[in-house]
Amino acid sequence: MLGWAILAAIVLRIVIPRWQRQPPNRAAAIAVGVRGVQPSGPNGVWTRGDRLRAAGFSGTVALGLAALTWLGGFATARTSNGSTVNLIATGALFLGAIGLLMAVLVALGHLIRAPFAQHGTSGPAA
């Protein structure tokens with residue numbers, strides 16, 4: 001037990017200064033090259049196309065989370081209560097359902113705001 005605590009202290013001593021220079025979520029996004037949907041209008045304004053693209057991306061994520069939730073429910077229903085597989089499947093079911101709800105709400109928010117956003121990426125007239 002003491003060995004694990006010492007190992008954790010050593011790892012944290014190395015990792016925390018790196019996280020302070022560059023947070024892990026930003027580092028992961030840079031490493032993978034994923035930035036999500038970024039606004040393309042003048043001065044960083046969200047356009048109609050940006051909103052619709054973000055809604056489509058959120059809808060795609062919602063479909064993946066729906067599949068995870070369904071698989072979690074399927075595995076939970078077919079394993080004995082208290083087993084390791086049942087507990088893991090229940091966690092996947094719960095987290096998938098929460099993520100699904102969030103993704104659907106984000107997609108609806110973008111769809112509701114899309115008609116009121118600017119159209120196109122043209123700037124002000126010269």
# chains A, B, ... in the order shown; residues from 1 in each chain; ligands from 1
$ residues_around --residues "Gly99 of chain A" --least-positions-apart "6" --cutoff "9 Å" --atoms "only C-alpha atoms" --output "list in words"
Val61, Ala62, Leu65 and Ala66 of chain A
$ write_last_selection --atoms "N, CA and C atoms" --output "short mmCIF file (atom, residue, chain, number, x, y, z; two decimals), in the first residue's frame"
data_model
loop_
_atom_site.label_atom_id
_atom_site.label_comp_id
_atom_site.auth_asym_id
_atom_site.auth_seq_id
_atom_site.Cartn_x
_atom_site.Cartn_y
_atom_site.Cartn_z
N VAL A 61 -22.82 12.45 -32.08
CA VAL A 61 -22.36 12.01 -30.76
C VAL A 61 -23.53 11.39 -29.99
N ALA A 62 -24.72 11.97 -30.11
CA ALA A 62 -25.90 11.43 -29.43
C ALA A 62 -26.23 10.02 -29.93
N LEU A 65 -23.78 7.68 -28.27
CA LEU A 65 -24.11 7.50 -26.86
C LEU A 65 -25.40 6.69 -26.68
N ALA A 66 -26.32 6.81 -27.63
CA ALA A 66 -27.53 5.97 -27.59
C ALA A 66 -27.16 4.50 -27.75
#
$ select_by_dssp --residues "segment 2-126 of chain A" --states "alpha helix (DSSP H)" --output "PyMOL selection string"
chain A and resi 2-21+24-32+48-77+84-113
$ closest_residue --among "A:Ala103, A:Gly36, A:Ala75, A:Ile88" --to "Leu63 of chain A" --atoms "only C-alpha atoms"
A:Ala103
$ residues_around --residues "segment 47-52 of chain A" --least-positions-apart "6" --cutoff "12 Å" --atoms "only C-alpha atoms" --output "NGL selection string"
:A and (36-41 or 58-59 or 106-123)
$ closest_residue --among "A:Leu12, A:Ala5, A:Ala55, A:Leu68" --to "Leu95 of chain A" --atoms "only C-alpha atoms"
A:Leu68
$ residues_around --residues "Gly96 of chain A" --least-positions-apart "4" --cutoff "9 Å" --atoms "only C-alpha atoms" --output "PyMOL selection string"
chain A and resi 64-70+72+91-92+100-101
$ atom_distance --atom1 "atom CA of Thr76 of chain A" --atom2 "atom CA of Thr90 of chain A"
6.0 Å
$ atom_distance --atom1 "atom CA of Arg78 of chain A" --atom2 "atom CA of Val104 of chain A"
27.8 Å
